[in-house]
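Okay, structure first, notes after.
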Amino acid sequence: MILNHAEEARCAHCSLQLHQCGRCRGIAGPFDRFCGFCGHEMVQGVTRPMWWRLWFLAALIPLVAGLIYGIAQAATSRNSTRSAPDVRLNSAI
C-alpha cells in the first residue's frame with residue numbers, strides 16, 4: 001500500500017486519505033483491504049522477526065517479580081499482626 005502523499009487525495013464521503021495500489025497503481029479507498037483493479041492485498045505490512053516479540057517478555061519479568069514480592073510482603077505483614085492477641089482487654093474486666 002502506498003500512501004498518496006503527493007496529491008493528498010481524500011475520499012469525498014469520509015474525507016480520509018485514499019491509497020494507491022503497490023502493484024497496478026490503482027486508487028483504493030481508505031478501508032479497502034484488496035485493490036479493486038488487480039486484487040492485490042493492500043494491507044500486507046512488513047513481517048517482523050520472531051525475536052521482536054521478546055520485548056514483551058522482557059517487560060513482563062519485572063512486573064511479575066514485583067507482583068510476587070508485593071503478595072509475599074502482604075502475607076508476612078498480615079501474619080505478624082494476627083499472632084499477638086491484646087492482653088489489656090481481658091485484664092480490665
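Scheme for the C-alpha cells: letters A, B, ... for chains in order shown; per-chain residue numbers from 1; ligand numbers from 1 in order shown.
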Within 12 Å of segment 9-18 of chain A, which residues of segment 31-65 of chain A show up? Give each one with its shortest atom-to-atom distance in Å (one decimal) and the two atoms involved, counting only C-alpha atoms, rows by chain then rising residue number, as CSV.
```
residue,atom,partner,partner_atom,distance
A:Phe31,CA,A:Leu18,CA,8.8
A:Asp32,CA,A:Leu18,CA,9.4
A:Cys35,CA,A:Leu18,CA,11.8
A:Met42,CA,A:Leu18,CA,11.8
```
All alpha helix (DSSP H) residues (DSSP, backbone) inside segment 4-79 of chain A, as a list of chain:residue names:
A:Leu54, A:Trp55, A:Phe56, A:Leu57, A:Ala58, A:Ala59, A:Leu60, A:Ile61, A:Pro62, A:Leu63, A:Val64, A:Ala65, A:Gly66, A:Leu67, A:Ile68, A:Tyr69, A:Gly70, A:Ile71, A:Ala72, A:Gln73, A:Ala74, A:Ala75, A:Thr76, A:Ser77, A:Arg78, A:Asn79
Selection above as a file: C-alpha atoms, as a CSV table (one decimal), in the first residue's frame:
```csv
chain,number,residue,atom,x,y,z
A,54,LEU,CA,10.8,-10.7,23.1
A,55,TRP,CA,10.5,-7.2,24.4
A,56,PHE,CA,7.1,-8.1,25.8
A,57,LEU,CA,8.5,-11.0,27.8
A,58,ALA,CA,11.4,-8.8,29.0
A,59,ALA,CA,8.8,-6.2,30.2
A,60,LEU,CA,6.7,-8.8,32.0
A,61,ILE,CA,9.6,-10.2,34.1
A,62,PRO,CA,9.9,-7.2,36.4
A,63,LEU,CA,6.2,-6.8,36.6
A,64,VAL,CA,5.7,-10.4,37.7
A,65,ALA,CA,8.6,-10.2,40.2
A,66,GLY,CA,7.1,-7.0,41.7
A,67,LEU,CA,3.7,-8.7,42.0
A,68,ILE,CA,5.1,-11.7,43.7
A,69,TYR,CA,7.2,-9.5,46.1
A,70,GLY,CA,4.1,-7.5,47.0
A,71,ILE,CA,2.0,-10.5,47.7
A,72,ALA,CA,4.7,-12.0,49.8
A,73,GLN,CA,5.1,-8.8,51.8
A,74,ALA,CA,1.4,-8.5,52.4
A,75,ALA,CA,1.2,-12.1,53.6
A,76,THR,CA,4.0,-11.7,56.1
A,77,SER,CA,2.7,-8.4,57.5
A,78,ARG,CA,-0.8,-9.9,57.9
A,79,ASN,CA,0.6,-12.9,59.8
```
Report as a ChimeraX atom specification: the residues of segment 24-90 of chain A with a DSSP assignment of strand (DSSP E or B), based on the backbone of this structure.
/A:27-28,34,41
Distance of atom CA of Arg23 of chain A from atom CA of His40 of chain A, expressed in Å to one decimal place
6.9 Å
Quick one: everything within 12 Å of Phe34 of chain A, counting only C-alpha atoms, minus sequence neighbours fewer than 4 positions away in the same chain. Send it as a VMD selection string.
chain A and resid 1 19 to 24 26 to 30 38 to 44
